[in-house]
file protein_8.txt (compact mmCIF, N, CA and C atoms)
# COMPACT_ATOMS: atom_id res chain seq x y z
N MET A 235 21.74 -7.39 25.83
CA MET A 235 22.24 -7.31 24.48
C MET A 235 21.16 -6.69 23.59
N ARG A 236 21.55 -5.72 22.76
CA ARG A 236 20.60 -5.06 21.86
C ARG A 236 20.33 -5.91 20.65
N ARG A 237 19.07 -5.96 20.27
CA ARG A 237 18.70 -6.68 19.05
C ARG A 237 18.94 -5.76 17.86
N PRO A 238 19.42 -6.31 16.75
CA PRO A 238 19.62 -5.45 15.58
C PRO A 238 18.27 -4.98 15.04
N THR A 239 18.24 -3.75 14.58
CA THR A 239 17.00 -3.22 14.02
C THR A 239 16.93 -3.59 12.54
N ALA A 240 15.74 -3.74 12.04
CA ALA A 240 15.55 -4.07 10.63
C ALA A 240 15.95 -2.88 9.77
N ALA A 241 16.60 -3.18 8.67
CA ALA A 241 17.00 -2.12 7.75
C ALA A 241 15.77 -1.52 7.09
N VAL A 242 15.82 -0.23 6.84
CA VAL A 242 14.72 0.44 6.16
C VAL A 242 14.75 -0.02 4.70
N PRO A 243 13.63 -0.52 4.18
CA PRO A 243 13.60 -1.03 2.80
C PRO A 243 13.46 0.11 1.78
N TRP A 244 14.51 0.91 1.63
CA TRP A 244 14.42 2.10 0.79
C TRP A 244 14.03 1.77 -0.64
N GLY A 245 14.57 0.68 -1.19
CA GLY A 245 14.21 0.30 -2.56
C GLY A 245 12.72 0.04 -2.69
N GLN A 246 12.16 -0.66 -1.72
CA GLN A 246 10.72 -0.93 -1.74
C GLN A 246 9.92 0.36 -1.58
N ILE A 247 10.40 1.25 -0.75
CA ILE A 247 9.69 2.51 -0.55
C ILE A 247 9.68 3.32 -1.84
N VAL A 248 10.82 3.37 -2.52
CA VAL A 248 10.90 4.12 -3.78
C VAL A 248 10.00 3.47 -4.83
N ARG A 249 10.08 2.14 -4.96
CA ARG A 249 9.24 1.44 -5.96
C ARG A 249 7.76 1.60 -5.61
N PHE A 250 7.41 1.53 -4.32
CA PHE A 250 6.02 1.71 -3.90
C PHE A 250 5.52 3.11 -4.27
N THR A 251 6.39 4.10 -4.10
CA THR A 251 6.02 5.47 -4.44
C THR A 251 5.81 5.61 -5.95
N VAL A 252 6.68 4.98 -6.75
CA VAL A 252 6.52 5.02 -8.21
C VAL A 252 5.21 4.35 -8.62
N VAL A 253 4.94 3.17 -8.06
CA VAL A 253 3.69 2.47 -8.36
C VAL A 253 2.50 3.32 -7.91
N GLY A 254 2.64 3.95 -6.77
CA GLY A 254 1.58 4.84 -6.29
C GLY A 254 1.32 5.98 -7.27
N GLY A 255 2.39 6.50 -7.85
CA GLY A 255 2.23 7.56 -8.85
C GLY A 255 1.50 7.07 -10.08
N VAL A 256 1.88 5.88 -10.57
CA VAL A 256 1.20 5.30 -11.73
C VAL A 256 -0.25 5.01 -11.39
N ASN A 257 -0.48 4.44 -10.22
CA ASN A 257 -1.84 4.12 -9.80
C ASN A 257 -2.68 5.38 -9.63
N THR A 258 -2.07 6.43 -9.08
CA THR A 258 -2.79 7.69 -8.92
C THR A 258 -3.15 8.29 -10.27
N ALA A 259 -2.21 8.21 -11.23
CA ALA A 259 -2.50 8.72 -12.58
C ALA A 259 -3.64 7.93 -13.22
N THR A 260 -3.64 6.61 -13.03
CA THR A 260 -4.72 5.77 -13.56
C THR A 260 -6.04 6.15 -12.90
N PHE A 261 -6.01 6.26 -11.57
CA PHE A 261 -7.21 6.66 -10.84
C PHE A 261 -7.72 8.02 -11.34
N TYR A 262 -6.81 8.98 -11.46
CA TYR A 262 -7.20 10.34 -11.82
C TYR A 262 -7.76 10.39 -13.24
N ALA A 263 -7.19 9.56 -14.13
CA ALA A 263 -7.70 9.49 -15.50
C ALA A 263 -9.13 8.94 -15.53
N CYS A 264 -9.48 8.14 -14.55
CA CYS A 264 -10.86 7.66 -14.44
C CYS A 264 -11.73 8.69 -13.71
N TYR A 265 -11.17 9.30 -12.68
CA TYR A 265 -11.92 10.23 -11.84
C TYR A 265 -12.41 11.48 -12.59
N LEU A 266 -11.53 12.08 -13.37
CA LEU A 266 -11.89 13.35 -14.01
C LEU A 266 -13.12 13.25 -14.92
N PRO A 267 -13.19 12.28 -15.84
CA PRO A 267 -14.41 12.21 -16.65
C PRO A 267 -15.65 11.84 -15.83
N LEU A 268 -15.46 10.97 -14.83
CA LEU A 268 -16.60 10.60 -13.99
C LEU A 268 -17.06 11.78 -13.14
N HIS A 269 -16.13 12.65 -12.75
CA HIS A 269 -16.46 13.81 -11.93
C HIS A 269 -17.43 14.75 -12.66
N ARG A 270 -17.39 14.73 -13.99
CA ARG A 270 -18.33 15.57 -14.77
C ARG A 270 -19.74 14.99 -14.75
N LEU A 271 -19.84 13.67 -14.53
CA LEU A 271 -21.13 13.00 -14.59
C LEU A 271 -21.74 12.69 -13.22
N LEU A 272 -20.87 12.54 -12.21
CA LEU A 272 -21.32 12.09 -10.89
C LEU A 272 -20.88 13.08 -9.81
N PRO A 273 -21.48 13.02 -8.64
CA PRO A 273 -20.96 13.80 -7.51
C PRO A 273 -19.51 13.36 -7.22
N TYR A 274 -18.70 14.25 -6.67
CA TYR A 274 -17.27 13.98 -6.51
C TYR A 274 -16.98 12.69 -5.74
N PHE A 275 -17.74 12.40 -4.69
CA PHE A 275 -17.43 11.20 -3.91
C PHE A 275 -17.77 9.92 -4.67
N ALA A 276 -18.84 9.91 -5.45
CA ALA A 276 -19.18 8.74 -6.27
C ALA A 276 -18.13 8.56 -7.37
N ALA A 277 -17.68 9.63 -7.98
CA ALA A 277 -16.63 9.55 -9.00
C ALA A 277 -15.33 9.04 -8.39
N TYR A 278 -15.03 9.50 -7.19
CA TYR A 278 -13.84 9.05 -6.47
C TYR A 278 -13.91 7.54 -6.21
N THR A 279 -15.03 7.06 -5.72
CA THR A 279 -15.19 5.64 -5.41
C THR A 279 -15.06 4.79 -6.67
N ALA A 280 -15.67 5.20 -7.76
CA ALA A 280 -15.59 4.44 -9.01
C ALA A 280 -14.15 4.42 -9.54
N GLY A 281 -13.47 5.55 -9.55
CA GLY A 281 -12.09 5.60 -10.02
C GLY A 281 -11.16 4.77 -9.16
N PHE A 282 -11.37 4.81 -7.87
CA PHE A 282 -10.56 4.04 -6.92
C PHE A 282 -10.72 2.55 -7.18
N THR A 283 -11.94 2.12 -7.38
CA THR A 283 -12.23 0.70 -7.63
C THR A 283 -11.59 0.23 -8.93
N LEU A 284 -11.66 1.06 -9.98
CA LEU A 284 -11.11 0.68 -11.27
C LEU A 284 -9.59 0.54 -11.26
N SER A 285 -8.91 1.27 -10.42
CA SER A 285 -7.44 1.21 -10.39
C SER A 285 -6.88 0.12 -9.48
N LEU A 286 -7.72 -0.61 -8.79
CA LEU A 286 -7.29 -1.60 -7.81
C LEU A 286 -6.51 -2.77 -8.41
N VAL A 287 -6.98 -3.36 -9.49
CA VAL A 287 -6.33 -4.55 -10.06
C VAL A 287 -4.94 -4.23 -10.59
N GLY A 288 -4.82 -3.14 -11.31
CA GLY A 288 -3.50 -2.75 -11.81
C GLY A 288 -2.52 -2.51 -10.67
N SER A 289 -2.98 -1.91 -9.62
CA SER A 289 -2.15 -1.66 -8.45
C SER A 289 -1.65 -2.97 -7.85
N PHE A 290 -2.51 -3.97 -7.78
CA PHE A 290 -2.10 -5.27 -7.24
C PHE A 290 -0.93 -5.84 -8.03
N PHE A 291 -1.06 -5.90 -9.34
CA PHE A 291 -0.01 -6.52 -10.16
C PHE A 291 1.27 -5.69 -10.14
N LEU A 292 1.18 -4.38 -10.19
CA LEU A 292 2.38 -3.56 -10.13
C LEU A 292 3.10 -3.73 -8.78
N ASN A 293 2.34 -3.79 -7.71
CA ASN A 293 2.97 -3.95 -6.40
C ASN A 293 3.57 -5.33 -6.20
N THR A 294 2.91 -6.38 -6.69
CA THR A 294 3.50 -7.70 -6.51
C THR A 294 4.76 -7.85 -7.35
N TYR A 295 4.68 -7.54 -8.64
CA TYR A 295 5.83 -7.75 -9.52
C TYR A 295 6.95 -6.73 -9.33
N PHE A 296 6.61 -5.47 -9.23
CA PHE A 296 7.61 -4.41 -9.24
C PHE A 296 8.05 -3.99 -7.84
N THR A 297 7.11 -3.68 -6.97
CA THR A 297 7.48 -3.17 -5.65
C THR A 297 8.13 -4.22 -4.77
N TYR A 298 7.46 -5.36 -4.62
CA TYR A 298 7.94 -6.37 -3.68
C TYR A 298 8.60 -7.56 -4.37
N ARG A 299 8.60 -7.57 -5.71
CA ARG A 299 9.27 -8.60 -6.51
C ARG A 299 8.92 -10.00 -6.05
N THR A 300 7.63 -10.23 -6.01
CA THR A 300 7.11 -11.52 -5.61
C THR A 300 6.03 -11.92 -6.61
N ARG A 301 5.70 -13.19 -6.60
CA ARG A 301 4.66 -13.67 -7.51
C ARG A 301 3.29 -13.41 -6.93
N PRO A 302 2.37 -13.00 -7.80
CA PRO A 302 0.99 -12.84 -7.32
C PRO A 302 0.37 -14.22 -7.07
N THR A 303 -0.42 -14.32 -6.06
CA THR A 303 -1.17 -15.54 -5.78
C THR A 303 -2.62 -15.15 -5.53
N TRP A 304 -3.48 -16.14 -5.60
CA TRP A 304 -4.89 -15.85 -5.31
C TRP A 304 -5.06 -15.36 -3.88
N LYS A 305 -4.30 -15.95 -2.96
CA LYS A 305 -4.41 -15.53 -1.56
C LYS A 305 -4.05 -14.05 -1.41
N LYS A 306 -2.92 -13.64 -2.03
CA LYS A 306 -2.52 -12.24 -1.97
C LYS A 306 -3.56 -11.35 -2.66
N PHE A 307 -4.07 -11.84 -3.80
CA PHE A 307 -5.07 -11.06 -4.53
C PHE A 307 -6.32 -10.85 -3.68
N LEU A 308 -6.72 -11.89 -2.96
CA LEU A 308 -7.91 -11.78 -2.12
C LEU A 308 -7.65 -10.93 -0.87
N LEU A 309 -6.40 -10.90 -0.39
CA LEU A 309 -6.07 -10.07 0.77
C LEU A 309 -5.76 -8.62 0.38
N PHE A 310 -5.35 -8.42 -0.88
CA PHE A 310 -4.95 -7.09 -1.33
C PHE A 310 -6.00 -6.01 -1.10
N PRO A 311 -7.28 -6.32 -1.27
CA PRO A 311 -8.28 -5.28 -0.98
C PRO A 311 -8.18 -4.72 0.44
N LEU A 312 -7.60 -5.48 1.37
CA LEU A 312 -7.40 -4.92 2.72
C LEU A 312 -6.48 -3.71 2.67
N THR A 313 -5.46 -3.75 1.80
CA THR A 313 -4.59 -2.58 1.66
C THR A 313 -5.38 -1.44 1.07
N GLN A 314 -6.24 -1.78 0.14
CA GLN A 314 -7.02 -0.74 -0.52
C GLN A 314 -8.12 -0.20 0.38
N VAL A 315 -8.68 -1.05 1.25
CA VAL A 315 -9.68 -0.57 2.21
C VAL A 315 -9.01 0.44 3.15
N THR A 316 -7.80 0.10 3.59
CA THR A 316 -7.05 1.02 4.44
C THR A 316 -6.78 2.31 3.69
N ASN A 317 -6.28 2.18 2.46
CA ASN A 317 -5.98 3.33 1.63
C ASN A 317 -7.26 4.15 1.38
N TYR A 318 -8.33 3.46 1.06
CA TYR A 318 -9.61 4.12 0.80
C TYR A 318 -10.09 4.89 2.03
N ALA A 319 -9.99 4.27 3.19
CA ALA A 319 -10.45 4.92 4.42
C ALA A 319 -9.63 6.18 4.72
N VAL A 320 -8.31 6.05 4.62
CA VAL A 320 -7.45 7.20 4.92
C VAL A 320 -7.66 8.30 3.87
N GLN A 321 -7.70 7.90 2.58
CA GLN A 321 -7.89 8.91 1.53
C GLN A 321 -9.28 9.53 1.60
N SER A 322 -10.29 8.72 1.88
CA SER A 322 -11.66 9.26 1.95
C SER A 322 -11.78 10.28 3.07
N ALA A 323 -11.23 9.94 4.23
CA ALA A 323 -11.28 10.88 5.34
C ALA A 323 -10.53 12.16 4.97
N GLY A 324 -9.38 11.99 4.32
CA GLY A 324 -8.62 13.16 3.88
C GLY A 324 -9.37 13.96 2.84
N LEU A 325 -10.02 13.28 1.90
CA LEU A 325 -10.78 13.96 0.85
C LEU A 325 -11.92 14.79 1.44
N VAL A 326 -12.69 14.18 2.31
CA VAL A 326 -13.82 14.90 2.92
C VAL A 326 -13.30 16.06 3.76
N ALA A 327 -12.24 15.83 4.52
CA ALA A 327 -11.69 16.91 5.34
C ALA A 327 -11.18 18.06 4.47
N LEU A 328 -10.46 17.72 3.40
CA LEU A 328 -9.91 18.76 2.54
C LEU A 328 -11.00 19.56 1.82
N VAL A 329 -12.04 18.86 1.32
CA VAL A 329 -13.09 19.54 0.56
C VAL A 329 -14.08 20.23 1.49
N SER A 330 -14.62 19.48 2.46
CA SER A 330 -15.69 20.01 3.30
C SER A 330 -15.21 20.95 4.39
N TRP A 331 -14.10 20.62 5.03
CA TRP A 331 -13.65 21.41 6.17
C TRP A 331 -12.67 22.51 5.78
N LEU A 332 -11.81 22.21 4.81
CA LEU A 332 -10.78 23.19 4.45
C LEU A 332 -11.09 23.93 3.16
N GLY A 333 -12.18 23.54 2.48
CA GLY A 333 -12.60 24.24 1.27
C GLY A 333 -11.72 24.03 0.06
N MET A 334 -10.95 22.94 0.03
CA MET A 334 -10.07 22.68 -1.11
C MET A 334 -10.91 22.30 -2.33
N ASN A 335 -10.44 22.62 -3.49
CA ASN A 335 -11.10 22.29 -4.74
C ASN A 335 -11.22 20.76 -4.87
N SER A 336 -12.40 20.26 -5.24
CA SER A 336 -12.64 18.81 -5.31
C SER A 336 -11.91 18.14 -6.47
N VAL A 337 -11.36 18.92 -7.38
CA VAL A 337 -10.56 18.34 -8.47
C VAL A 337 -9.14 18.05 -7.98
N ALA A 338 -8.59 18.88 -7.13
CA ALA A 338 -7.22 18.71 -6.64
C ALA A 338 -7.15 17.90 -5.34
N ALA A 339 -8.20 17.89 -4.57
CA ALA A 339 -8.18 17.25 -3.24
C ALA A 339 -7.82 15.77 -3.27
N PRO A 340 -8.26 14.96 -4.26
CA PRO A 340 -7.87 13.55 -4.24
C PRO A 340 -6.36 13.33 -4.31
N LEU A 341 -5.64 14.20 -5.00
CA LEU A 341 -4.19 14.07 -5.09
C LEU A 341 -3.53 14.34 -3.73
N ALA A 342 -4.00 15.36 -3.04
CA ALA A 342 -3.48 15.67 -1.71
C ALA A 342 -3.81 14.55 -0.73
N ALA A 343 -5.01 14.02 -0.82
CA ALA A 343 -5.42 12.92 0.06
C ALA A 343 -4.57 11.67 -0.19
N ALA A 344 -4.21 11.42 -1.43
CA ALA A 344 -3.36 10.27 -1.77
C ALA A 344 -1.99 10.39 -1.11
N LEU A 345 -1.43 11.58 -1.11
CA LEU A 345 -0.13 11.79 -0.45
C LEU A 345 -0.22 11.55 1.05
N LEU A 346 -1.32 11.96 1.65
CA LEU A 346 -1.50 11.76 3.09
C LEU A 346 -1.59 10.27 3.44
N ALA A 347 -2.13 9.47 2.54
CA ALA A 347 -2.34 8.04 2.82
C ALA A 347 -1.11 7.18 2.53
N LEU A 348 -0.13 7.70 1.84
CA LEU A 348 1.01 6.91 1.38
C LEU A 348 1.72 6.10 2.47
N PRO A 349 2.12 6.69 3.60
CA PRO A 349 2.85 5.89 4.60
C PRO A 349 2.02 4.75 5.19
N VAL A 350 0.77 5.00 5.45
CA VAL A 350 -0.10 3.97 6.05
C VAL A 350 -0.29 2.82 5.07
N THR A 351 -0.54 3.14 3.83
CA THR A 351 -0.78 2.12 2.81
C THR A 351 0.47 1.29 2.57
N PHE A 352 1.65 1.90 2.60
CA PHE A 352 2.89 1.15 2.41
C PHE A 352 3.03 0.07 3.48
N VAL A 353 2.83 0.42 4.72
CA VAL A 353 2.99 -0.53 5.82
C VAL A 353 2.03 -1.70 5.66
N VAL A 354 0.78 -1.42 5.35
CA VAL A 354 -0.22 -2.49 5.22
C VAL A 354 0.08 -3.37 4.00
N SER A 355 0.39 -2.78 2.86
CA SER A 355 0.64 -3.59 1.66
C SER A 355 1.90 -4.42 1.81
N ARG A 356 2.90 -3.90 2.48
CA ARG A 356 4.14 -4.65 2.68
C ARG A 356 3.87 -5.91 3.49
N ARG A 357 3.04 -5.79 4.49
CA ARG A 357 2.72 -6.97 5.32
C ARG A 357 1.97 -8.04 4.54
N ILE A 358 1.16 -7.62 3.58
CA ILE A 358 0.36 -8.58 2.82
C ILE A 358 1.11 -9.14 1.61
N LEU A 359 1.84 -8.33 0.88
CA LEU A 359 2.38 -8.74 -0.40
C LEU A 359 3.81 -9.26 -0.40
N ARG A 360 4.63 -8.84 0.51
CA ARG A 360 6.02 -9.29 0.43
C ARG A 360 6.14 -10.70 0.98
N PRO A 361 7.14 -11.42 0.48
CA PRO A 361 7.34 -12.78 1.00
C PRO A 361 7.74 -12.72 2.47
N PRO A 362 7.38 -13.75 3.24
CA PRO A 362 7.76 -13.74 4.66
C PRO A 362 9.28 -13.71 4.80
N ALA A 363 9.75 -12.93 5.75
CA ALA A 363 11.19 -12.84 6.00
C ALA A 363 11.67 -14.15 6.61
N ARG A 364 12.84 -14.55 6.18
CA ARG A 364 13.43 -15.75 6.79
C ARG A 364 13.91 -15.39 8.17
N ARG A 365 13.64 -16.25 9.07
CA ARG A 365 14.07 -16.02 10.45
C ARG A 365 15.35 -16.80 10.69
N GLY A 366 16.11 -16.29 11.59
CA GLY A 366 17.27 -17.04 12.02
C GLY A 366 18.55 -16.55 11.39
N GLY A 367 19.57 -17.35 11.58
CA GLY A 367 20.91 -17.00 11.15
C GLY A 367 21.17 -17.42 9.73
N PRO A 368 22.43 -17.66 9.39
CA PRO A 368 22.82 -18.02 8.04
C PRO A 368 22.08 -19.26 7.56
N GLY A 369 21.68 -19.24 6.30
CA GLY A 369 20.99 -20.38 5.73
C GLY A 369 19.55 -20.50 6.17
N GLY A 370 19.04 -19.50 6.86
CA GLY A 370 17.65 -19.54 7.29
C GLY A 370 17.39 -20.44 8.48
N GLN A 371 18.46 -20.97 9.09
CA GLN A 371 18.28 -21.84 10.24
C GLN A 371 17.98 -20.98 11.46
N PRO A 372 17.04 -21.43 12.27
CA PRO A 372 16.73 -20.64 13.46
C PRO A 372 17.94 -20.55 14.39
N GLU A 373 18.14 -19.38 14.95
CA GLU A 373 19.21 -19.23 15.92
C GLU A 373 18.79 -19.87 17.23
N ALA A 374 19.76 -20.32 17.97
CA ALA A 374 19.47 -20.96 19.24
C ALA A 374 18.92 -19.92 20.20
N SER A 375 17.98 -20.35 21.00
CA SER A 375 17.42 -19.49 22.01
C SER A 375 18.50 -19.17 23.04
N PRO A 376 18.54 -17.96 23.60
CA PRO A 376 19.55 -17.63 24.58
C PRO A 376 19.51 -18.57 25.79
N VAL A 377 18.33 -19.04 26.15
CA VAL A 377 18.21 -19.93 27.30
C VAL A 377 18.80 -21.29 26.97
N ARG A 378 18.47 -21.86 25.81
CA ARG A 378 18.94 -23.18 25.42
C ARG A 378 20.43 -23.21 25.14
N SER A 379 21.00 -22.10 24.67
CA SER A 379 22.40 -22.10 24.30
C SER A 379 23.31 -21.91 25.50
N GLY A 380 22.74 -21.64 26.63
CA GLY A 380 23.54 -21.44 27.82
C GLY A 380 23.98 -19.99 28.01
N ARG A 381 23.66 -19.14 27.05
CA ARG A 381 24.02 -17.73 27.21
C ARG A 381 23.06 -17.09 28.19
N PRO A 382 23.55 -16.11 28.91
CA PRO A 382 22.64 -15.43 29.86
C PRO A 382 21.58 -14.64 29.09
N VAL A 383 20.43 -14.53 29.71
CA VAL A 383 19.33 -13.80 29.10
C VAL A 383 19.50 -12.33 29.33

call {"tool": "encode", "arguments": {"input": "protein_8.txt", "output": "structure tokens"}}
result
Amino acid sequence: MRRPTAAVPWGQIVRFTVVGGVNTATFYACYLPLHRLLPYFAAYTAGFTLSLVGSFFLNTYFTYRTRPTWKKFLLFPLTQVTNYAVQSAGLVALVSWLGMNSVAAPLAAALLALPVTFVVSRRILRPPARRGGPGGQPEASPVRSGRPV
């Protein structure tokens, strides 16, 4: 017997993308002035760090429609570490290897990191899915119910 596949959370994906756009705009508004004062990677790191808290609250309230908790807040940097790692690698590759302009490269790197960051943040921020059948009651195991495996 085939197990049903989980539905694609299109609403969450769209909201995550919108929040990502707002967060990217916040980051970029910090990055551009810092880029004039610091090397591009230092400006990138500072801008990324400054946009982290706003991203947490937007993702908890708007994307996943859940309440923020201290536990989620403390785990949220894991999503950002993942995002930072993927974007940083993309940024260095785009600027150093492909010769892309360091002003535009962070935006391209952010797009490259979007799918990975969505998966990680969803695991941390969304409420646990209820298991089982109607009413959240666990379904009987195929072995216990007498049905063939």

call {"tool": "atom_distance", "arguments": {"input": "protein_8.txt", "atom1": "atom N of Leu325 (chain A)", "atom2": "atom C of Ala342 (chain A)"}}
result
6.9 Å

call {"tool": "atom_distance", "arguments": {"input": "protein_8.txt", "atom1": "CA of Thr303 (chain A)", "atom2": "CA of Val287 (chain A)"}}
result
12.9 Å

call {"tool": "residues_around", "arguments": {"input": "protein_8.txt", "residues": "Pro340 (chain A)", "least_positions_apart": "4", "cutoff": "8 Å", "atoms": "only N, CA and C atoms", "output": "number ranges by chain"}}
result
A: 278, 321, 324-326, 328-329, 335-336, 344-346

call {"tool": "atom_distance", "arguments": {"input": "protein_8.txt", "atom1": "atom N of Ser289 (chain A)", "atom2": "CA of Asn257 (chain A)"}}
result
6.1 Å

call {"tool": "residues_around", "arguments": {"input": "protein_8.txt", "residues": "Gly288 (chain A)", "least_positions_apart": "3", "cutoff": "10 Å", "atoms": "only C-alpha atoms", "output": "VMD selection string"}}
result
chain A and resid 253 256 to 257 260 284 to 285 291 to 293

call {"tool": "write_last_selection", "arguments": {"input": "protein_8.txt", "atoms": "N, CA and C atoms", "output": "JSON list (two decimals), in the frame of the given file"}}
result
[["chain", "number", "residue", "atom", "x", "y", "z"],
["A", 253, "VAL", "N", 4.94, 3.17, -8.06],
["A", 253, "VAL", "CA", 3.69, 2.47, -8.36],
["A", 253, "VAL", "C", 2.50, 3.32, -7.91],
["A", 256, "VAL", "N", 1.88, 5.88, -10.57],
["A", 256, "VAL", "CA", 1.20, 5.30, -11.73],
["A", 256, "VAL", "C", -0.25, 5.01, -11.39],
["A", 257, "ASN", "N", -0.48, 4.44, -10.22],
["A", 257, "ASN", "CA", -1.84, 4.12, -9.80],
["A", 257, "ASN", "C", -2.68, 5.38, -9.63],
["A", 260, "THR", "N", -3.64, 6.61, -13.03],
["A", 260, "THR", "CA", -4.72, 5.77, -13.56],
["A", 260, "THR", "C", -6.04, 6.15, -12.90],
["A", 284, "LEU", "N", -11.66, 1.06, -9.98],
["A", 284, "LEU", "CA", -11.11, 0.68, -11.27],
["A", 284, "LEU", "C", -9.59, 0.54, -11.26],
["A", 285, "SER", "N", -8.91, 1.27, -10.42],
["A", 285, "SER", "CA", -7.44, 1.21, -10.39],
["A", 285, "SER", "C", -6.88, 0.12, -9.48],
["A", 291, "PHE", "N", -1.06, -5.90, -9.34],
["A", 291, "PHE", "CA", -0.01, -6.52, -10.16],
["A", 291, "PHE", "C", 1.27, -5.69, -10.14],
["A", 292, "LEU", "N", 1.18, -4.38, -10.19],
["A", 292, "LEU", "CA", 2.38, -3.56, -10.13],
["A", 292, "LEU", "C", 3.10, -3.73, -8.78],
["A", 293, "ASN", "N", 2.34, -3.79, -7.71],
["A", 293, "ASN", "CA", 2.97, -3.95, -6.40],
["A", 293, "ASN", "C", 3.57, -5.33, -6.20]]

call {"tool": "select_by_dssp", "arguments": {"input": "protein_8.txt", "residues": "chain A", "states": "alpha helix (DSSP H)", "output": "PyMOL selection string"}}
result
chain A and resi 244-271+274-284+286-292+304-326+339-359

call {"tool": "residues_around", "arguments": {"input": "protein_8.txt", "residues": "Phe310 (chain A)", "least_positions_apart": "5", "cutoff": "7 Å", "atoms": "only N, CA and C atoms", "output": "list of chain:residue names"}}
result
A:Phe290, A:Lys305, A:Val315, A:Ile358

call {"tool": "closest_residue", "arguments": {"input": "protein_8.txt", "among": "A:Leu312, A:Leu286, A:Val320, A:Cys264", "to": "Pro349 (chain A)", "atoms": "only C-alpha atoms"}}
result
A:Val320

call {"tool": "residues_around", "arguments": {"input": "protein_8.txt", "residues": "Thr294 (chain A)", "least_positions_apart": "5", "cutoff": "8 Å", "atoms": "only C-alpha atoms", "output": "list in words"}}
result
Arg299, Thr300, Arg301, Pro302, Leu359 and Arg360 of chain A

call {"tool": "residues_around", "arguments": {"input": "protein_8.txt", "residues": "Phe250 (chain A)", "least_positions_apart": "4", "cutoff": "7 Å", "atoms": "all atoms listed in the file", "output": "list in words"}}
result
Gly245, Gln246, Gly254, Gly255, Asn293, Phe296, Thr297 and Tyr298 of chain A

call {"tool": "write_last_selection", "arguments": {"input": "protein_8.txt", "atoms": "N, CA and C atoms", "output": "PDB file, keeping the file's coordinate frame"}}
result
ATOM      1  N   GLY A 245      14.570   0.680  -1.190  1.00  0.00           N
ATOM      2  CA  GLY A 245      14.210   0.300  -2.560  1.00  0.00           C
ATOM      3  C   GLY A 245      12.720   0.040  -2.690  1.00  0.00           C
ATOM      4  N   GLN A 246      12.160  -0.660  -1.720  1.00  0.00           N
ATOM      5  CA  GLN A 246      10.720  -0.930  -1.740  1.00  0.00           C
ATOM      6  C   GLN A 246       9.920   0.360  -1.580  1.00  0.00           C
ATOM      7  N   GLY A 254       2.640   3.950  -6.770  1.00  0.00           N
ATOM      8  CA  GLY A 254       1.580   4.840  -6.290  1.00  0.00           C
ATOM      9  C   GLY A 254       1.320   5.980  -7.270  1.00  0.00           C
ATOM     10  N   GLY A 255       2.390   6.500  -7.850  1.00  0.00           N
ATOM     11  CA  GLY A 255       2.230   7.560  -8.850  1.00  0.00           C
ATOM     12  C   GLY A 255       1.500   7.070 -10.080  1.00  0.00           C
ATOM     13  N   ASN A 293       2.340  -3.790  -7.710  1.00  0.00           N
ATOM     14  CA  ASN A 293       2.970  -3.950  -6.400  1.00  0.00           C
ATOM     15  C   ASN A 293       3.570  -5.330  -6.200  1.00  0.00           C
ATOM     16  N   PHE A 296       6.610  -5.470  -9.230  1.00  0.00           N
ATOM     17  CA  PHE A 296       7.610  -4.410  -9.240  1.00  0.00           C
ATOM     18  C   PHE A 296       8.050  -3.990  -7.840  1.00  0.00           C
ATOM     19  N   THR A 297       7.110  -3.680  -6.970  1.00  0.00           N
ATOM     20  CA  THR A 297       7.480  -3.170  -5.650  1.00  0.00           C
ATOM     21  C   THR A 297       8.130  -4.220  -4.770  1.00  0.00           C
ATOM     22  N   TYR A 298       7.460  -5.360  -4.620  1.00  0.00           N
ATOM     23  CA  TYR A 298       7.940  -6.370  -3.680  1.00  0.00           C
ATOM     24  C   TYR A 298       8.600  -7.560  -4.370  1.00  0.00           C
TER      25      TYR A 298
END

call {"tool": "closest_residue", "arguments": {"input": "protein_8.txt", "among": "A:Tyr318, A:Trp331, A:Trp304, A:Tyr295", "to": "Leu348 (chain A)", "atoms": "only C-alpha atoms"}}
result
A:Tyr318

call {"tool": "closest_residue", "arguments": {"input": "protein_8.txt", "among": "A:Pro267, A:Tyr262, A:Asn317, A:Thr279", "to": "Ala338 (chain A)", "atoms": "only C-alpha atoms"}}
result
A:Tyr262

call {"tool": "closest_residue", "arguments": {"input": "protein_8.txt", "among": "A:Leu341, A:Arg357, A:Pro243, A:Val350", "to": "Thr316 (chain A)", "atoms": "only N, CA and C atoms"}}
result
A:Val350

call {"tool": "axis_aligned_box", "arguments": {"input": "protein_8.txt", "around": "region 253-268 of chain A", "padding_each_side": "4 Å", "output": "JSON"}}
result
{"center_x": -6.1, "center_y": 7.9, "center_z": -11.5, "size_x": 30.0, "size_y": 18.9, "size_z": 18.4}
